[in-house]
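Dumped input34.cif below, it's mmCIF, C-alpha atoms:
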```cif
data_model
loop_
_atom_site.label_atom_id
_atom_site.label_comp_id
_atom_site.auth_asym_id
_atom_site.auth_seq_id
_atom_site.Cartn_x
_atom_site.Cartn_y
_atom_site.Cartn_z
CA MET A 1 -33.80 8.19 0.80
CA LEU A 2 -34.14 5.48 -1.82
CA LYS A 3 -30.78 6.36 -3.37
CA ASN A 4 -28.92 5.83 -0.09
CA LEU A 5 -30.71 2.51 0.45
CA ILE A 6 -29.74 1.23 -3.01
CA ALA A 7 -26.17 2.39 -2.40
CA LEU A 8 -26.08 0.62 0.97
CA ILE A 9 -27.35 -2.63 -0.57
CA ALA A 10 -24.68 -2.38 -3.29
CA ILE A 11 -22.04 -1.68 -0.62
CA PHE A 12 -23.10 -4.74 1.37
CA LEU A 13 -23.00 -6.98 -1.72
CA ILE A 14 -19.54 -5.71 -2.69
CA GLY A 15 -18.33 -5.99 0.90
CA TYR A 16 -19.58 -9.56 1.32
CA SER A 17 -17.94 -10.74 -1.89
CA MET A 18 -14.68 -9.03 -0.89
CA LEU A 19 -14.95 -10.61 2.57
CA LEU A 20 -15.05 -14.02 0.90
CA ALA A 21 -11.91 -13.02 -1.02
CA VAL A 22 -10.18 -11.92 2.20
CA ALA A 23 -10.95 -15.32 3.73
CA GLU A 24 -9.09 -16.96 0.84
CA MET A 25 -6.04 -14.69 1.05
CA PRO A 26 -2.73 -16.15 2.34
CA THR A 27 -1.88 -15.32 5.94
CA PHE A 28 -0.68 -11.76 6.54
CA GLY A 29 3.07 -11.48 7.21
CA ASP A 30 3.84 -15.13 6.45
CA PRO A 31 7.35 -15.46 4.92
CA ASP A 32 6.01 -18.24 2.64
CA ASN A 33 3.42 -16.01 0.99
CA PRO A 34 3.10 -16.23 -2.81
CA THR A 35 4.30 -12.62 -3.03
CA GLN A 36 7.65 -13.54 -1.46
CA ASN A 37 8.71 -15.23 -4.69
CA GLU A 38 12.03 -15.50 -6.49
CA VAL A 39 11.79 -11.94 -7.86
CA ALA A 40 11.84 -10.31 -4.42
CA GLN A 41 14.43 -12.84 -3.26
CA ARG A 42 16.76 -11.94 -6.11
CA TYR A 43 16.28 -8.18 -5.58
CA LEU A 44 17.12 -8.60 -1.89
CA GLU A 45 20.21 -10.73 -2.53
CA GLU A 46 21.70 -9.17 -5.66
CA GLY A 47 20.24 -5.66 -5.52
CA PRO A 48 22.88 -3.79 -3.50
CA GLU A 49 25.78 -5.14 -5.61
CA GLU A 50 24.06 -4.72 -8.97
CA THR A 51 22.73 -1.20 -8.46
CA GLN A 52 25.24 0.11 -5.88
CA HIS A 53 22.36 1.41 -3.80
CA PRO A 54 21.26 0.18 -0.37
CA ASN A 55 17.64 1.36 -0.67
CA LEU A 56 15.98 -1.40 -2.64
CA VAL A 57 12.75 0.47 -3.38
CA SER A 58 14.62 3.18 -5.26
CA ALA A 59 16.85 0.49 -6.80
CA VAL A 60 13.75 -1.21 -8.21
CA LEU A 61 12.31 2.14 -9.32
CA VAL A 62 15.32 3.65 -11.07
CA ALA A 63 17.39 0.60 -12.06
CA TYR A 64 15.38 -2.57 -12.56
CA ARG A 65 12.11 -0.99 -13.65
CA SER A 66 13.29 2.37 -14.96
CA PHE A 67 11.13 2.03 -18.09
CA ASP A 68 8.15 1.68 -15.77
CA THR A 69 9.22 4.90 -14.03
CA PHE A 70 9.59 6.53 -17.45
CA GLY A 71 5.98 5.61 -18.20
CA GLU A 72 4.99 7.05 -14.84
CA ILE A 73 6.67 10.35 -15.74
CA THR A 74 4.78 10.25 -19.04
CA VAL A 75 1.51 9.85 -17.13
CA LEU A 76 2.44 12.82 -14.93
CA PHE A 77 3.34 14.93 -17.98
CA THR A 78 0.09 14.02 -19.73
CA SER A 79 -1.84 14.93 -16.59
CA VAL A 80 -0.16 18.33 -16.34
CA THR A 81 -0.85 18.92 -20.03
CA GLY A 82 -4.49 18.00 -19.52
CA VAL A 83 -4.88 20.26 -16.49
CA LEU A 84 -3.36 23.23 -18.33
CA ALA A 85 -5.48 22.53 -21.41
CA VAL A 86 -8.66 22.35 -19.34
CA ILE A 87 -7.95 25.48 -17.28
CA HIS A 88 -6.21 27.77 -19.79
CA GLY A 89 -7.32 26.23 -23.08
CA LYS A 90 -9.18 28.18 -25.76
CA ARG A 91 -11.46 27.00 -28.53
CA GLY A 92 -9.83 26.52 -31.90
CA ASP A 93 -11.89 29.23 -33.63
CA GLU A 94 -11.17 31.96 -31.08
CA MET B 95 -19.24 -21.58 0.70
CA LYS B 96 -18.21 -21.61 4.36
CA VAL B 97 -16.11 -18.66 5.53
CA GLU B 98 -13.27 -19.60 7.87
CA LEU B 99 -13.34 -17.13 10.75
CA SER B 100 -9.68 -17.69 11.66
CA ALA B 101 -8.59 -16.77 8.12
CA ILE B 102 -10.46 -13.47 8.39
CA VAL B 103 -9.10 -12.72 11.88
CA ASN B 104 -5.51 -13.40 10.77
CA ASN B 105 -5.94 -11.15 7.73
CA TYR B 106 -7.44 -8.18 9.54
CA HIS B 107 -5.10 -5.79 7.70
CA TYR B 108 -6.93 -6.70 4.50
CA LEU B 109 -10.20 -6.02 6.32
CA PHE B 110 -9.04 -2.44 6.97
CA ALA B 111 -8.40 -2.04 3.24
CA LEU B 112 -11.87 -3.48 2.53
CA THR B 113 -13.48 -1.05 4.99
CA LEU B 114 -11.68 1.92 3.46
CA PHE B 115 -12.80 0.78 -0.01
CA LEU B 116 -16.42 0.53 1.11
CA ILE B 117 -16.30 3.95 2.82
CA GLY B 118 -14.87 5.48 -0.35
CA SER B 119 -17.37 3.87 -2.70
CA TYR B 120 -20.30 4.78 -0.41
CA THR B 121 -19.06 8.39 -0.43
CA MET B 122 -18.82 8.34 -4.22
CA LEU B 123 -22.29 6.82 -4.64
CA THR B 124 -24.29 8.95 -2.20
CA HIS B 125 -22.70 12.42 -1.94
CA PRO B 126 -23.92 14.84 -4.61
CA ASN B 127 -20.98 17.23 -4.07
CA LEU B 128 -18.29 16.70 -6.72
CA ILE B 129 -15.39 17.54 -4.38
CA LYS B 130 -16.65 14.92 -1.92
CA LYS B 131 -16.85 12.41 -4.76
CA ILE B 132 -13.17 13.07 -5.48
CA ILE B 133 -12.35 12.62 -1.77
CA GLY B 134 -14.17 9.27 -1.88
CA LEU B 135 -12.20 8.27 -4.97
CA ASN B 136 -8.96 9.08 -3.13
CA ILE B 137 -10.04 7.00 -0.14
CA MET B 138 -10.71 4.06 -2.50
CA GLU B 139 -7.28 4.48 -4.09
CA THR B 140 -5.67 4.56 -0.64
CA SER B 141 -7.40 1.30 0.24
CA VAL B 142 -5.97 -0.35 -2.86
CA PHE B 143 -2.49 0.92 -1.94
CA LEU B 144 -2.90 -0.44 1.60
CA LEU B 145 -3.95 -3.84 0.25
CA PHE B 146 -0.98 -4.03 -2.12
CA VAL B 147 1.61 -2.94 0.42
CA SER B 148 0.18 -5.36 3.01
CA THR B 149 0.78 -8.30 0.67
CA GLY B 150 4.52 -7.59 0.74
CA TYR B 151 4.86 -7.59 4.51
CA VAL B 152 7.01 -10.18 6.26
CA GLU B 153 6.54 -10.83 9.98
CA GLY B 154 9.36 -9.00 11.80
CA GLY B 155 10.84 -7.67 8.57
CA GLY B 156 12.42 -4.23 8.36
CA ALA B 157 12.43 -1.63 5.62
CA PRO B 158 14.27 -2.91 2.51
CA ILE B 159 17.40 -0.79 3.00
CA ILE B 160 20.26 -3.25 3.03
CA HIS B 161 23.12 -2.74 5.47
CA GLY B 162 25.54 -5.65 5.60
CA GLU B 163 24.48 -8.97 4.11
CA ALA B 164 20.88 -9.68 3.20
CA ALA B 165 19.35 -12.30 5.47
CA VAL B 166 16.35 -14.13 4.04
CA GLY B 167 13.11 -12.95 5.65
CA ALA B 168 14.69 -9.97 7.44
CA TYR B 169 13.35 -7.41 4.97
CA VAL B 170 9.89 -6.81 3.55
CA ASN B 171 9.20 -7.28 -0.15
CA PRO B 172 10.34 -4.14 -2.07
CA VAL B 173 8.37 -4.89 -5.26
CA PRO B 174 4.87 -3.85 -4.02
CA HIS B 175 6.35 -0.64 -2.59
CA ALA B 176 7.84 0.30 -5.97
CA LEU B 177 4.60 -0.57 -7.78
CA ILE B 178 2.53 1.48 -5.35
CA LEU B 179 4.80 4.51 -5.80
CA THR B 180 3.81 4.40 -9.47
CA GLY B 181 0.18 3.99 -8.42
CA ILE B 182 0.34 7.03 -6.14
CA VAL B 183 1.59 9.16 -9.03
CA ILE B 184 -1.28 7.96 -11.22
CA ALA B 185 -3.78 8.69 -8.41
CA ILE B 186 -2.42 12.23 -8.07
CA SER B 187 -2.71 12.71 -11.84
CA ILE B 188 -6.33 11.56 -11.82
CA THR B 189 -7.12 13.85 -8.87
CA ALA B 190 -5.50 16.89 -10.51
CA LEU B 191 -7.32 16.34 -13.81
CA ALA B 192 -10.67 15.77 -12.07
CA LEU B 193 -10.27 18.88 -9.90
CA SER B 194 -9.45 21.03 -12.92
CA LEU B 195 -12.57 19.69 -14.67
CA ILE B 196 -14.56 20.51 -11.52
CA ILE B 197 -13.24 24.08 -11.63
CA LYS B 198 -14.58 24.38 -15.19
CA ILE B 199 -17.94 22.82 -14.18
CA TYR B 200 -18.23 25.33 -11.33
CA GLU B 201 -17.45 28.23 -13.66
CA TYR B 202 -20.11 27.04 -16.13
CA TYR B 203 -22.95 26.02 -13.83
CA GLY B 204 -22.18 27.96 -10.65
CA THR B 205 -22.71 24.91 -8.45
CA LEU B 206 -20.96 21.69 -7.49
CA ASP B 207 -24.14 19.72 -6.73
CA THR B 208 -24.70 16.94 -9.29
CA ASP B 209 -28.48 16.93 -8.73
CA GLU B 210 -28.54 20.69 -9.32
CA ILE B 211 -26.39 20.30 -12.46
CA SER B 212 -28.64 17.61 -13.93
CA ARG B 213 -31.69 19.81 -13.13
CA LEU B 214 -30.01 22.75 -14.91
CA ARG B 215 -29.18 20.64 -17.95
CA ARG B 216 -32.77 19.48 -18.38
#
```

Represent the structure of the file as structure tokens.
Amino acid sequence: MLKNLIALIAIFLIGYSMLLAVAEMPTFGDPDNPTQNEVAQRYLEEGPEETQHPNLVSAVLVAYRSFDTFGEITVLFTSVTGVLAVIHGKRGDE
Amino acid sequence: MKVELSAIVNNYHYLFALTLFLIGSYTMLTHPNLIKKIIGLNIMETSVFLLFVSTGYVEGGGAPIIHGEAAVGAYVNPVPHALILTGIVIAISITALALSLIIKIYEYYGTLDTDEISRLRR
């Protein structure tokens, strides 16, 4: 199985390069990680008063980044349109 | 470049994401069945979600649902969770569109095997 061998070699190359990336990542669960920046800090401190909602994930989704959620709904709508066009669609000349 | 073993051992959650990614891409590369390719694609997407959500974790932190005053470091980062919710929706959209295309391919060729399809197209 030459195809499986080539795939395995590619997998090992990808895996080794990603392993090097994992070795450079900041420590898991450290409160001083670069992801724990001022954005998350401000959401945690000001979020419940500003959005009147205790669940911060939904506060970020529907209040702070509602345009992002709107784009997400657009993606979902486009996907449904595509599925219906592929399954039920007809050619233009029919 | 020398790989620090302690850095890899401390970040073993990222290693799980890496393993899932490799399993998914191996499935996509080797399996000729189109449905199994889509399953591999979903495993790869799940690995990316796991990697993103892991970056927001704080040691000992709870779910970001605030009751009382917000203590620093008591809650995990809510931003990756919100981003990954968007990503899950996009993954579902891709899966639905790909499966509908596979239905059409099956109706046209009568098989899901990519080797068989390329032999039929020749």

(request) Please provide as a PyMOL selection string all residues within 6 Å of Leu145 of chain B, with the sequence filter that same-chain residues fewer than 2 positions apart are discarded (counting only C-alpha atoms). (result) chain B and resi 108+111+142-143+147-148

(message) Quick check, in Å to one decimal: how far apart do atom CA of Tyr16 of chain A and atom CA of His107 of chain B lie?
(response)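 Atom CA of Tyr16 of chain A sits 16.3 Å away from atom CA of His107 of chain B.
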
(request) I need the residue set behind the PyMOL selection byres ((chain B) within 6 of (chain A)) for this file; please write it as a list in words. (result)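 Those residues are Ala101, Ile102, Asn105, Thr124, Tyr151, Val152, Glu153, Pro158, Ile159, Ile160, Ala164, Asn171, Pro172, Ala176, Ser187, Leu191 and Ser194 of chain B.
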
(request) Could you jot down the atom CA of Thr74 of chain A to atom CA of Thr180 of chain B separation for me, Å, one decimal place? (result)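 Pair atom CA of Thr74 of chain A / atom CA of Thr180 of chain B returns 11.3 Å.
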
(request) Have a look at B:Ile188, B:Val170, B:Ile211, B:Val103 and name the one nearest to Leu128 of chain B; count all atoms listed in the file. (result) B:Ile211

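Interatomic distance, atom CA of Leu214 of chain B against atom CA of Ile132 of chain B: 21.6 Å.
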
Specify the axis-aligned box that encloses all atoms of segment 95-114 of chain B listed in the file after padding of 6 Å on each side, stating its centre and edge lengths in Å to one decimal as AutoDock Vina command-line options.
```
--center_x -12.2 --center_y -9.8 --center_z 6.3 --size_x 26.1 --size_y 35.5 --size_z 23.2
```

(request) Apply the PyMOL selection byres ((chain B and resi 139) around 12) to the structure shown and report the selected residues as a PyMOL selection string. (result) chain B and resi 111-112+114-119+132-138+140-146+178+181-186+188-189
